[in-house]
>>> print(open('upload25.pdb').read())   # PDB, C-alpha atoms
MODEL        1
ATOM      1  CA  MET A1443      36.636   0.923  15.763
ATOM      2  CA  ASN A1444      39.276   0.316  13.047
ATOM      3  CA  CYS A1445      38.714  -3.444  13.174
ATOM      4  CA  PHE A1446      34.984  -2.939  12.586
ATOM      5  CA  GLU A1447      35.614  -0.490   9.744
ATOM      6  CA  LYS A1448      37.360  -3.320   7.893
ATOM      7  CA  VAL A1449      34.066  -5.204   7.997
ATOM      8  CA  ARG A1450      31.855  -2.336   6.822
ATOM      9  CA  THR A1451      32.650   1.346   6.462
ATOM     10  CA  PRO A1452      30.057   3.873   7.683
ATOM     11  CA  GLU A1453      28.448   5.987   4.988
ATOM     12  CA  ARG A1454      28.650   9.766   4.935
ATOM     13  CA  HIS A1455      26.097  11.184   7.380
ATOM     14  CA  ASP A1456      23.018  12.985   6.110
ATOM     15  CA  PRO A1457      22.328  16.559   7.297
ATOM     16  CA  LEU A1458      21.206  16.649  10.949
ATOM     17  CA  LYS A1459      17.677  17.761  10.051
ATOM     18  CA  LYS A1460      17.258  14.774   7.725
ATOM     19  CA  GLU A1461      18.655  12.339  10.305
ATOM     20  CA  ILE A1462      16.244  13.667  12.938
ATOM     21  CA  GLY A1463      13.397  13.260  10.451
ATOM     22  CA  ILE A1464      14.393   9.662   9.698
ATOM     23  CA  THR A1465      14.571   8.788  13.399
ATOM     24  CA  ALA A1466      11.211  10.449  14.050
ATOM     25  CA  GLY A1467       9.715   8.513  11.124
ATOM     26  CA  VAL A1468      11.031   5.222  12.495
ATOM     27  CA  LEU A1469       9.594   6.076  15.923
ATOM     28  CA  LEU A1470       6.209   6.874  14.351
ATOM     29  CA  LEU A1471       6.315   3.606  12.395
ATOM     30  CA  GLY A1472       6.863   1.717  15.642
ATOM     31  CA  VAL A1473       3.972   3.544  17.342
ATOM     32  CA  CYS A1474       1.590   2.783  14.461
ATOM     33  CA  LEU A1475       2.556  -0.876  14.130
ATOM     34  CA  GLY A1476       2.412  -1.459  17.886
ATOM     35  CA  ALA A1477      -1.084   0.023  18.156
ATOM     36  CA  PHE A1478      -2.246  -1.810  15.027
ATOM     37  CA  SER A1479      -0.904  -5.117  16.346
ATOM     38  CA  LYS A1480      -2.809  -4.740  19.618
ATOM     39  CA  PHE A1481      -5.911  -3.564  17.748
ATOM     40  CA  LEU A1482      -5.867  -6.788  15.703
ATOM     41  CA  ASP A1483      -5.452  -8.864  18.832
ATOM     42  CA  TYR A1484      -8.152  -7.075  20.851
ATOM     43  CA  ARG A1485     -10.715  -6.393  18.132
ATOM     44  CA  GLN A1486     -10.322  -9.550  16.045
ATOM     45  CA  ALA A1487     -14.035 -10.399  16.376
ATOM     46  CA  GLU A1488     -15.063  -6.900  15.277
ATOM     47  CA  LEU A1489     -12.728  -6.273  12.352
ATOM     48  CA  PRO A1490     -14.030  -4.959   9.012
ATOM     49  CA  PRO A1491     -14.923  -7.892   6.686
ATOM     50  CA  PHE A1492     -11.861  -7.632   4.442
ATOM     51  CA  LEU A1493      -9.398  -7.292   7.328
ATOM     52  CA  SER A1494     -11.220 -10.049   9.213
ATOM     53  CA  LEU A1495     -10.831 -12.392   6.228
ATOM     54  CA  ILE A1496      -7.101 -11.684   6.043
ATOM     55  CA  ASP A1497      -6.733 -12.194   9.785
ATOM     56  CA  GLN A1498      -8.631 -15.489   9.736
ATOM     57  CA  THR A1499      -6.664 -16.743   6.736
ATOM     58  CA  LEU A1500      -3.198 -15.750   7.915
ATOM     59  CA  ASP A1501      -3.745 -15.570  11.701
ATOM     60  CA  LEU A1502      -2.244 -12.082  11.702
ATOM     61  CA  HIS A1503      -3.038 -11.214  15.314
ATOM     62  CA  ASN A1504      -1.048 -14.185  16.636
ATOM     63  CA  PHE A1505       1.703 -13.670  14.061
ATOM     64  CA  PHE A1506       2.352 -10.117  15.274
ATOM     65  CA  GLY A1507       2.586 -11.459  18.812
ATOM     66  CA  THR A1508       5.769 -13.356  17.941
ATOM     67  CA  PHE A1509       9.338 -12.047  17.704
ATOM     68  CA  ALA A1510      10.031 -12.950  14.073
ATOM     69  CA  PRO A1511       8.270 -10.091  12.207
ATOM     70  CA  TRP A1512       9.768  -7.463  14.501
ATOM     71  CA  VAL A1513      13.248  -8.966  14.248
ATOM     72  CA  VAL A1514      13.155  -8.967  10.435
ATOM     73  CA  LEU A1515      12.005  -5.348  10.384
ATOM     74  CA  ALA A1516      14.695  -4.414  12.919
ATOM     75  CA  VAL A1517      17.383  -6.129  10.828
ATOM     76  CA  PHE A1518      16.191  -4.233   7.750
ATOM     77  CA  LEU A1519      16.279  -0.920   9.636
ATOM     78  CA  SER A1520      19.741  -1.777  10.940
ATOM     79  CA  ILE A1521      21.464  -2.581   7.685
ATOM     80  CA  LYS A1522      19.825   0.332   5.844
ATOM     81  CA  SER A1523      21.188   2.825   8.388
ATOM     82  CA  SER A1524      24.259   4.880   7.548
ATOM     83  CA  SER A1525      26.337   3.581  10.464
ATOM     84  CA  ALA A1526      26.256   1.075  13.301
ATOM     85  CA  PHE A1527      25.477   3.829  15.793
ATOM     86  CA  ARG A1528      22.584   5.093  13.667
ATOM     87  CA  ALA A1529      21.352   1.501  13.410
ATOM     88  CA  GLY A1530      21.225   1.265  17.193
ATOM     89  CA  LEU A1531      19.344   4.561  17.439
ATOM     90  CA  HIS A1532      16.812   3.666  14.746
ATOM     91  CA  VAL A1533      16.054   0.224  16.133
ATOM     92  CA  PHE A1534      15.738   1.519  19.685
ATOM     93  CA  ALA A1535      13.349   4.252  18.490
ATOM     94  CA  PHE A1536      11.288   1.685  16.612
ATOM     95  CA  PHE A1537      10.941  -0.730  19.526
ATOM     96  CA  ALA A1538      10.383   2.072  22.035
ATOM     97  CA  GLY A1539       7.476   3.324  19.921
ATOM     98  CA  MET A1540       6.094  -0.138  19.203
ATOM     99  CA  VAL A1541       6.240  -1.466  22.770
ATOM    100  CA  THR A1542       4.928   1.781  24.290
ATOM    101  CA  SER A1543       1.905   2.047  21.986
ATOM    102  CA  TYR A1544       1.142  -1.671  22.253
ATOM    103  CA  TYR A1545       0.988  -1.686  26.044
ATOM    104  CA  LEU A1546      -0.666   1.711  26.357
ATOM    105  CA  TYR A1547      -3.415   0.372  24.102
ATOM    106  CA  SER A1548      -3.518  -2.826  26.139
ATOM    107  CA  ASN A1549      -3.804  -0.974  29.440
ATOM    108  CA  PHE A1550      -6.104   1.920  28.587
ATOM    109  CA  VAL A1551      -8.239   0.492  25.757
ATOM    110  CA  ALA A1552      -8.259  -3.280  26.255
ATOM    111  CA  GLY A1553      -8.260  -2.864  30.042
ATOM    112  CA  PHE A1554      -5.469  -5.249  31.031
ATOM    113  CA  PHE A1555      -1.709  -5.105  31.387
ATOM    114  CA  PRO A1556       0.293  -8.367  31.171
ATOM    115  CA  LYS A1557       3.226  -7.171  33.271
ATOM    116  CA  SER A1558       5.516 -10.214  32.976
ATOM    117  CA  TYR A1559       5.187 -10.344  29.175
ATOM    118  CA  ALA A1560       5.595  -6.578  28.926
ATOM    119  CA  MET A1561       8.841  -6.731  30.902
ATOM    120  CA  ILE A1562      10.280  -9.183  28.368
ATOM    121  CA  TRP A1563       9.613  -6.692  25.572
ATOM    122  CA  VAL A1564      10.931  -3.772  27.633
ATOM    123  CA  ALA A1565      14.161  -5.688  28.298
ATOM    124  CA  PHE A1566      14.425  -6.545  24.608
ATOM    125  CA  THR A1567      13.878  -2.883  23.703
ATOM    126  CA  PHE A1568      16.807  -1.776  25.871
ATOM    127  CA  LEU A1569      18.970  -4.572  24.466
ATOM    128  CA  SER A1570      17.984  -3.818  20.854
ATOM    129  CA  PRO A1571      20.521  -0.988  20.205
ATOM    130  CA  VAL A1572      23.412  -3.336  21.009
ATOM    131  CA  LEU A1573      22.002  -6.060  18.764
ATOM    132  CA  ALA A1574      21.327  -3.541  15.998
ATOM    133  CA  PHE A1575      24.889  -2.207  16.263
ATOM    134  CA  PHE A1576      26.253  -5.654  15.385
ATOM    135  CA  CYS A1577      23.500  -6.422  12.870
ATOM    136  CA  TRP A1578      24.614  -3.408  10.837
ATOM    137  CA  TYR A1579      27.823  -5.282  10.012
ATOM    138  CA  ALA A1580      25.962  -8.320   8.653
ATOM    139  CA  THR A1581      26.204  -7.082   5.061
ATOM    140  CA  GLY A1582      29.912  -6.300   5.376
ATOM    141  CA  LYS A1583      32.951  -8.401   4.530
ATOM    142  CA  GLY A1584      34.849 -11.142   6.301
ATOM    143  CA  TRP A1585      34.133 -13.797   8.895
ATOM    144  CA  PHE A1586      32.535 -11.405  11.401
ATOM    145  CA  ALA A1587      29.855 -10.295   8.925
ATOM    146  CA  PHE A1588      29.297 -13.926   7.973
ATOM    147  CA  ALA A1589      28.926 -14.979  11.616
ATOM    148  CA  VAL A1590      26.429 -12.187  12.371
ATOM    149  CA  SER A1591      24.369 -13.077   9.285
ATOM    150  CA  ALA A1592      24.389 -16.767  10.198
ATOM    151  CA  GLY A1593      23.214 -15.900  13.709
ATOM    152  CA  ILE A1594      20.317 -13.830  12.357
ATOM    153  CA  LEU A1595      19.230 -16.505   9.887
ATOM    154  CA  GLY A1596      19.622 -19.201  12.531
ATOM    155  CA  PHE A1597      17.236 -17.284  14.768
ATOM    156  CA  LEU A1598      14.726 -16.901  11.914
ATOM    157  CA  ILE A1599      14.934 -20.617  11.107
ATOM    158  CA  HIS A1600      14.256 -21.374  14.761
ATOM    159  CA  CYS A1601      11.222 -19.057  14.642
ATOM    160  CA  THR A1602       9.989 -20.560  11.357
ATOM    161  CA  LEU A1603      10.423 -24.305  11.792
ATOM    162  CA  ALA A1604       9.222 -26.770  14.388
ATOM    163  CA  TYR A1605      11.445 -29.816  14.168
ATOM    164  CA  GLY A1606      12.398 -32.976  15.945
ATOM    165  CA  MET A1607      14.302 -36.197  15.279
ATOM    166  CA  TRP A1608      12.075 -37.311  12.407
ATOM    167  CA  TYR A1609      10.049 -34.290  11.360
ATOM    168  CA  VAL A1610      10.262 -30.686  10.195
ATOM    169  CA  ASP A1611       7.185 -28.477  10.111
ATOM    170  CA  VAL A1612       6.635 -24.842   9.101
ATOM    171  CA  ARG A1613       4.897 -22.793  11.804
ATOM    172  CA  SER A1614       3.052 -20.639   9.270
ATOM    173  CA  SER A1615       3.273 -19.355   5.710
ATOM    174  CA  LEU A1616       4.028 -15.866   7.055
ATOM    175  CA  HIS A1617       6.988 -17.159   9.060
ATOM    176  CA  LEU A1618       8.288 -18.894   5.944
ATOM    177  CA  LEU A1619       7.911 -15.643   4.006
ATOM    178  CA  LEU A1620       9.895 -13.827   6.713
ATOM    179  CA  LEU A1621      12.681 -16.395   6.458
ATOM    180  CA  ILE A1622      12.850 -15.858   2.694
ATOM    181  CA  LEU A1623      12.904 -12.093   3.244
ATOM    182  CA  GLY A1624      15.687 -12.530   5.794
ATOM    183  CA  VAL A1625      17.781 -14.420   3.245
ATOM    184  CA  ALA A1626      17.043 -11.733   0.641
ATOM    185  CA  ILE A1627      18.027  -8.917   3.013
ATOM    186  CA  LEU A1628      21.310 -10.600   3.969
ATOM    187  CA  ARG A1629      22.109 -12.075   0.558
ATOM    188  CA  LYS A1630      25.601 -11.925  -0.870
ATOM    189  CA  SER A1631      26.861 -13.861  -3.911
ATOM    190  CA  TRP A1632      25.046 -17.135  -4.690
ATOM    191  CA  LYS A1633      27.927 -19.181  -3.320
ATOM    192  CA  GLU A1634      28.168 -17.119  -0.131
ATOM    193  CA  THR A1635      24.400 -17.141   0.356
ATOM    194  CA  ILE A1636      24.231 -20.937   0.096
ATOM    195  CA  GLY A1637      27.101 -21.203   2.581
ATOM    196  CA  LEU A1638      25.338 -18.731   4.858
ATOM    197  CA  VAL A1639      22.111 -20.741   4.895
ATOM    198  CA  ALA A1640      24.088 -23.942   5.570
ATOM    199  CA  ALA A1641      25.961 -22.284   8.453
ATOM    200  CA  SER A1642      22.732 -20.959   9.972
ATOM    201  CA  ILE A1643      21.224 -24.447  10.366
ATOM    202  CA  PRO A1644      23.523 -25.506  13.248
ATOM    203  CA  VAL A1645      22.770 -22.141  14.905
ATOM    204  CA  ALA A1646      19.044 -22.898  14.673
ATOM    205  CA  ILE A1647      19.581 -26.379  16.148
ATOM    206  CA  ILE A1648      21.538 -24.930  19.074
ATOM    207  CA  LEU A1649      18.820 -22.313  19.651
ATOM    208  CA  GLY A1650      16.261 -25.115  19.570
ATOM    209  CA  MET A1651      18.108 -26.813  22.437
ATOM    210  CA  LEU A1652      18.472 -23.585  24.427
ATOM    211  CA  ILE A1653      14.954 -22.271  23.680
ATOM    212  CA  PRO A1654      12.761 -25.345  23.114
ATOM    213  CA  PHE A1655       9.599 -23.351  22.387
ATOM    214  CA  GLY A1656       8.339 -21.037  19.660
ATOM    215  CA  ILE A1657       9.096 -17.327  20.035
TER     216      ILE A1657
ENDMDL
END
>>> encode(input="upload25.pdb", output="structure tokens")
Amino acid sequence: MNCFEKVRTPERHDPLKKEIGITAGVLLLGVCLGAFSKFLDYRQAELPPFLSLIDQTLDLHNFFGTFAPWVVLAVFLSIKSSSAFRAGLHVFAFFAGMVTSYYLYSNFVAGFFPKSYAMIWVAFTFLSPVLAFFCWYATGKGWFAFAVSAGILGFLIHCTLAYGMWYVDVRSSLHLLLLILGVAILRKSWKETIGLVAASIPVAIILGMLIPFGI
């Protein structure tokens, strides 16, 4: 791990009781957001007036069905963890809670279970600790941190923009806000941040060729 420690050094660990509390809190956050997301999707026609207005204006129920908001939250959880290993644990706990509550609600309240779509999220949940481990280094130093950050921003650009030979379109105002938040989370100096955004554009173009649909 010495080569990784040159990129970013782990912080001193909190007491075990506090670390368990943080992990439990992240798990609970995932459970609440997963259930809320499915509630919006299933009960959109019966929402309270204020929440219904927000949903109609921002299309929240479809927005939470995409990868982008969960990826940004996972990146935030990752880099705010005390170490790469803690990042993996926190992100796995979050997605485990979110995916479990979402599909339990879908199966037992909404009355249907989209198995193929659920399996995609289950696979992503088990992959998430590995991705979070590397994401933790995004705010570190050197080319590795820069490459990880560019990969994250490239993914967010791909989620945010629909583009072709002669056009570029923003999928939604919320996706654009997430992209701005992603830049803010990963920001370095002004010069480095501008270089980071420039480097992430080719990543987004490559992702657009490999995944030619919105995710």
>>> residues_near_point(input="upload25.pdb", point="(24.8, -6.1, 19.8)", cutoff="12 Å", atoms="all atoms listed in the file", output="list in words")
Val1517, Ser1520, Ala1526, Phe1527, Ala1529, Gly1530, Val1533, Phe1534, Phe1566, Phe1568, Leu1569, Ser1570, Pro1571, Val1572, Leu1573, Ala1574, Phe1575, Phe1576, Cys1577, Trp1578, Tyr1579, Ala1580, Val1590, Gly1593 and Ile1594 of chain A
>>> residues_around(input="upload25.pdb", residues="Thr1567 of chain A", least_positions_apart="6", cutoff="10 Å", atoms="only C-alpha atoms", output="PDB file with C-alpha atoms, keeping the file's coordinate frame")
ATOM      1  CA  VAL A1533      16.054   0.224  16.133  1.00  0.00           C
ATOM      2  CA  PHE A1534      15.738   1.519  19.685  1.00  0.00           C
ATOM      3  CA  ALA A1535      13.349   4.252  18.490  1.00  0.00           C
ATOM      4  CA  PHE A1536      11.288   1.685  16.612  1.00  0.00           C
ATOM      5  CA  PHE A1537      10.941  -0.730  19.526  1.00  0.00           C
ATOM      6  CA  ALA A1538      10.383   2.072  22.035  1.00  0.00           C
ATOM      7  CA  GLY A1539       7.476   3.324  19.921  1.00  0.00           C
ATOM      8  CA  MET A1540       6.094  -0.138  19.203  1.00  0.00           C
ATOM      9  CA  VAL A1541       6.240  -1.466  22.770  1.00  0.00           C
ATOM     10  CA  MET A1561       8.841  -6.731  30.902  1.00  0.00           C
TER      11      MET A1561
END
>>> closest_atom_pairs(input="upload25.pdb", of="segment 1478-1586 of chain A", to="segment 1617-1620 of chain A", cutoff="12 Å", atoms="only C-alpha atoms", output="JSON lines")
{"residue": "A:Leu1500", "atom": "CA", "partner": "A:His1617", "partner_atom": "CA", "distance": 10.3}
{"residue": "A:Asp1501", "atom": "CA", "partner": "A:His1617", "partner_atom": "CA", "distance": 11.2}
{"residue": "A:Leu1502", "atom": "CA", "partner": "A:His1617", "partner_atom": "CA", "distance": 10.9}
{"residue": "A:Asn1504", "atom": "CA", "partner": "A:His1617", "partner_atom": "CA", "distance": 11.4}
{"residue": "A:Phe1505", "atom": "CA", "partner": "A:His1617", "partner_atom": "CA", "distance": 8.1}
{"residue": "A:Phe1506", "atom": "CA", "partner": "A:His1617", "partner_atom": "CA", "distance": 10.5}
{"residue": "A:Thr1508", "atom": "CA", "partner": "A:His1617", "partner_atom": "CA", "distance": 9.7}
{"residue": "A:Phe1509", "atom": "CA", "partner": "A:His1617", "partner_atom": "CA", "distance": 10.3}
{"residue": "A:Ala1510", "atom": "CA", "partner": "A:His1617", "partner_atom": "CA", "distance": 7.2}
{"residue": "A:Pro1511", "atom": "CA", "partner": "A:Leu1620", "partner_atom": "CA", "distance": 6.8}
{"residue": "A:Trp1512", "atom": "CA", "partner": "A:Leu1620", "partner_atom": "CA", "distance": 10.1}
{"residue": "A:Val1513", "atom": "CA", "partner": "A:Leu1620", "partner_atom": "CA", "distance": 9.6}
{"residue": "A:Val1514", "atom": "CA", "partner": "A:Leu1620", "partner_atom": "CA", "distance": 6.9}
{"residue": "A:Leu1515", "atom": "CA", "partner": "A:Leu1620", "partner_atom": "CA", "distance": 9.5}
{"residue": "A:Val1517", "atom": "CA", "partner": "A:Leu1620", "partner_atom": "CA", "distance": 11.5}
{"residue": "A:Phe1518", "atom": "CA", "partner": "A:Leu1620", "partner_atom": "CA", "distance": 11.5}
>>> atom_distance(input="upload25.pdb", atom1="atom CA of Phe1555 of chain A", atom2="atom CA of Ala1487 of chain A")
20.1 Å
>>> atom_distance(input="upload25.pdb", atom1="atom CA of Leu1628 of chain A", atom2="atom CA of Leu1603 of chain A")
19.2 Å
>>> closest_residue(input="upload25.pdb", among="A:Leu1458, A:Ala1592, A:Tyr1544, A:Glu1453", to="Tyr1559 of chain A", atoms="only C-alpha atoms")
A:Tyr1544
>>> resolve_selection(input="upload25.pdb", expression="the PyMOL selection byres ((chain A and resi 1478) around 10)", output="ChimeraX atom specification")
/A:1472-1477,1479-1484,1503,1506,1540,1543-1544,1547
>>> residues_around(input="upload25.pdb", residues="segment 1630-1646 of chain A", least_positions_apart="4", cutoff="9 Å", atoms="all atoms listed in the file", output="list in words")
Thr1581, Phe1588, Ala1589, Ser1591, Ala1592, Gly1593, Ile1594, Leu1595, Gly1596, Phe1597, Leu1598, Ile1599, His1600, Cys1601, Val1625, Ala1626, Gly1650 and Met1651 of chain A
>>> atom_distance(input="upload25.pdb", atom1="atom CA of Lys1583 of chain A", atom2="atom CA of Ile1622 of chain A")
21.5 Å
>>> closest_residue(input="upload25.pdb", among="A:Glu1447, A:Glu1488, A:Asp1456, A:Asp1611", to="Ala1587 of chain A", atoms="all atoms listed in the file")
A:Glu1447
>>> closest_residue(input="upload25.pdb", among="A:Ala1552, A:Leu1495, A:Ala1516, A:Leu1531", to="Ile1464 of chain A", atoms="all atoms listed in the file")
A:Leu1531
>>> closest_residue(input="upload25.pdb", among="A:Gln1486, A:Thr1542, A:Ser1523, A:Thr1465", to="Ala1560 of chain A", atoms="all atoms listed in the file")
A:Thr1542
>>> closest_residue(input="upload25.pdb", among="A:Ile1647, A:His1532, A:Trp1585, A:Val1564", to="Leu1471 of chain A", atoms="only C-alpha atoms")
A:His1532
>>> closest_residue(input="upload25.pdb", among="A:Ile1521, A:Tyr1605, A:Trp1563, A:His1455", to="Arg1629 of chain A", atoms="all atoms listed in the file")
A:Ile1521
>>> build_atoms(input="upload25.pdb", residues="segment 1474-1504 of chain A", atoms="N, CA and C atoms", output="PDB file, in the coordinates of the input")
ATOM      1  N   CYS A1474       2.729   3.225  15.277  1.00  0.00           N
ATOM      2  CA  CYS A1474       1.590   2.783  14.461  1.00  0.00           C
ATOM      3  C   CYS A1474       1.479   1.263  14.421  1.00  0.00           C
ATOM      4  N   LEU A1475       2.595   0.582  14.216  1.00  0.00           N
ATOM      5  CA  LEU A1475       2.556  -0.876  14.130  1.00  0.00           C
ATOM      6  C   LEU A1475       2.228  -1.515  15.475  1.00  0.00           C
ATOM      7  N   GLY A1476       2.732  -0.936  16.562  1.00  0.00           N
ATOM      8  CA  GLY A1476       2.412  -1.459  17.886  1.00  0.00           C
ATOM      9  C   GLY A1476       0.930  -1.352  18.184  1.00  0.00           C
ATOM     10  N   ALA A1477       0.350  -0.185  17.914  1.00  0.00           N
ATOM     11  CA  ALA A1477      -1.084   0.023  18.156  1.00  0.00           C
ATOM     12  C   ALA A1477      -1.924  -0.856  17.234  1.00  0.00           C
ATOM     13  N   PHE A1478      -1.511  -0.977  15.974  1.00  0.00           N
ATOM     14  CA  PHE A1478      -2.246  -1.810  15.027  1.00  0.00           C
ATOM     15  C   PHE A1478      -2.208  -3.279  15.440  1.00  0.00           C
ATOM     16  N   SER A1479      -1.040  -3.733  15.900  1.00  0.00           N
ATOM     17  CA  SER A1479      -0.904  -5.117  16.346  1.00  0.00           C
ATOM     18  C   SER A1479      -1.853  -5.424  17.496  1.00  0.00           C
ATOM     19  N   LYS A1480      -1.915  -4.516  18.480  1.00  0.00           N
ATOM     20  CA  LYS A1480      -2.809  -4.740  19.618  1.00  0.00           C
ATOM     21  C   LYS A1480      -4.261  -4.601  19.209  1.00  0.00           C
ATOM     22  N   PHE A1481      -4.553  -3.707  18.271  1.00  0.00           N
ATOM     23  CA  PHE A1481      -5.911  -3.564  17.748  1.00  0.00           C
ATOM     24  C   PHE A1481      -6.382  -4.875  17.123  1.00  0.00           C
ATOM     25  N   LEU A1482      -5.521  -5.503  16.311  1.00  0.00           N
ATOM     26  CA  LEU A1482      -5.867  -6.788  15.703  1.00  0.00           C
ATOM     27  C   LEU A1482      -6.149  -7.840  16.760  1.00  0.00           C
ATOM     28  N   ASP A1483      -5.319  -7.862  17.786  1.00  0.00           N
ATOM     29  CA  ASP A1483      -5.452  -8.864  18.832  1.00  0.00           C
ATOM     30  C   ASP A1483      -6.720  -8.644  19.652  1.00  0.00           C
ATOM     31  N   TYR A1484      -7.034  -7.389  19.962  1.00  0.00           N
ATOM     32  CA  TYR A1484      -8.152  -7.075  20.851  1.00  0.00           C
ATOM     33  C   TYR A1484      -9.493  -7.045  20.121  1.00  0.00           C
ATOM     34  N   ARG A1485      -9.470  -6.579  18.873  1.00  0.00           N
ATOM     35  CA  ARG A1485     -10.715  -6.393  18.132  1.00  0.00           C
ATOM     36  C   ARG A1485     -10.906  -7.428  17.028  1.00  0.00           C
ATOM     37  N   GLN A1486     -10.282  -8.581  17.142  1.00  0.00           N
ATOM     38  CA  GLN A1486     -10.322  -9.550  16.045  1.00  0.00           C
ATOM     39  C   GLN A1486     -11.738  -9.982  15.678  1.00  0.00           C
ATOM     40  N   ALA A1487     -12.652  -9.995  16.657  1.00  0.00           N
ATOM     41  CA  ALA A1487     -14.035 -10.399  16.376  1.00  0.00           C
ATOM     42  C   ALA A1487     -14.859  -9.270  15.767  1.00  0.00           C
ATOM     43  N   GLU A1488     -14.315  -8.057  15.761  1.00  0.00           N
ATOM     44  CA  GLU A1488     -15.063  -6.900  15.277  1.00  0.00           C
ATOM     45  C   GLU A1488     -14.373  -6.205  14.104  1.00  0.00           C
ATOM     46  N   LEU A1489     -13.458  -6.879  13.455  1.00  0.00           N
ATOM     47  CA  LEU A1489     -12.728  -6.273  12.352  1.00  0.00           C
ATOM     48  C   LEU A1489     -13.628  -6.090  11.137  1.00  0.00           C
ATOM     49  N   PRO A1490     -13.314  -5.095  10.281  1.00  0.00           N
ATOM     50  CA  PRO A1490     -14.030  -4.959   9.012  1.00  0.00           C
ATOM     51  C   PRO A1490     -13.908  -6.259   8.209  1.00  0.00           C
ATOM     52  N   PRO A1491     -14.901  -6.593   7.381  1.00  0.00           N
ATOM     53  CA  PRO A1491     -14.923  -7.892   6.686  1.00  0.00           C
ATOM     54  C   PRO A1491     -13.628  -8.257   5.970  1.00  0.00           C
ATOM     55  N   PHE A1492     -13.070  -7.321   5.208  1.00  0.00           N
ATOM     56  CA  PHE A1492     -11.861  -7.632   4.442  1.00  0.00           C
ATOM     57  C   PHE A1492     -10.684  -7.940   5.365  1.00  0.00           C
ATOM     58  N   LEU A1493     -10.488  -7.086   6.383  1.00  0.00           N
ATOM     59  CA  LEU A1493      -9.398  -7.292   7.328  1.00  0.00           C
ATOM     60  C   LEU A1493      -9.630  -8.554   8.149  1.00  0.00           C
ATOM     61  N   SER A1494     -10.885  -8.843   8.471  1.00  0.00           N
ATOM     62  CA  SER A1494     -11.220 -10.049   9.213  1.00  0.00           C
ATOM     63  C   SER A1494     -10.877 -11.299   8.400  1.00  0.00           C
ATOM     64  N   LEU A1495     -11.145 -11.263   7.102  1.00  0.00           N
ATOM     65  CA  LEU A1495     -10.831 -12.392   6.228  1.00  0.00           C
ATOM     66  C   LEU A1495      -9.322 -12.641   6.184  1.00  0.00           C
ATOM     67  N   ILE A1496      -8.561 -11.553   6.058  1.00  0.00           N
ATOM     68  CA  ILE A1496      -7.101 -11.684   6.043  1.00  0.00           C
ATOM     69  C   ILE A1496      -6.599 -12.244   7.367  1.00  0.00           C
ATOM     70  N   ASP A1497      -7.161 -11.737   8.467  1.00  0.00           N
ATOM     71  CA  ASP A1497      -6.733 -12.194   9.785  1.00  0.00           C
ATOM     72  C   ASP A1497      -7.056 -13.665   9.987  1.00  0.00           C
ATOM     73  N   GLN A1498      -8.237 -14.089   9.583  1.00  0.00           N
ATOM     74  CA  GLN A1498      -8.631 -15.489   9.736  1.00  0.00           C
ATOM     75  C   GLN A1498      -7.797 -16.411   8.858  1.00  0.00           C
ATOM     76  N   THR A1499      -7.438 -15.920   7.671  1.00  0.00           N
ATOM     77  CA  THR A1499      -6.664 -16.743   6.736  1.00  0.00           C
ATOM     78  C   THR A1499      -5.209 -16.877   7.169  1.00  0.00           C
ATOM     79  N   LEU A1500      -4.624 -15.776   7.606  1.00  0.00           N
ATOM     80  CA  LEU A1500      -3.198 -15.750   7.915  1.00  0.00           C
ATOM     81  C   LEU A1500      -2.884 -15.755   9.404  1.00  0.00           C
ATOM     82  N   ASP A1501      -3.929 -15.619  10.244  1.00  0.00           N
ATOM     83  CA  ASP A1501      -3.745 -15.570  11.701  1.00  0.00           C
ATOM     84  C   ASP A1501      -2.812 -14.414  12.074  1.00  0.00           C
ATOM     85  N   LEU A1502      -3.113 -13.242  11.523  1.00  0.00           N
ATOM     86  CA  LEU A1502      -2.244 -12.082  11.702  1.00  0.00           C
ATOM     87  C   LEU A1502      -2.059 -11.685  13.163  1.00  0.00           C
ATOM     88  N   HIS A1503      -3.137 -11.724  13.941  1.00  0.00           N
ATOM     89  CA  HIS A1503      -3.038 -11.214  15.314  1.00  0.00           C
ATOM     90  C   HIS A1503      -2.079 -12.048  16.156  1.00  0.00           C
ATOM     91  N   ASN A1504      -2.020 -13.360  15.916  1.00  0.00           N
ATOM     92  CA  ASN A1504      -1.048 -14.185  16.636  1.00  0.00           C
ATOM     93  C   ASN A1504       0.351 -14.033  16.047  1.00  0.00           C
TER      94      ASN A1504
END
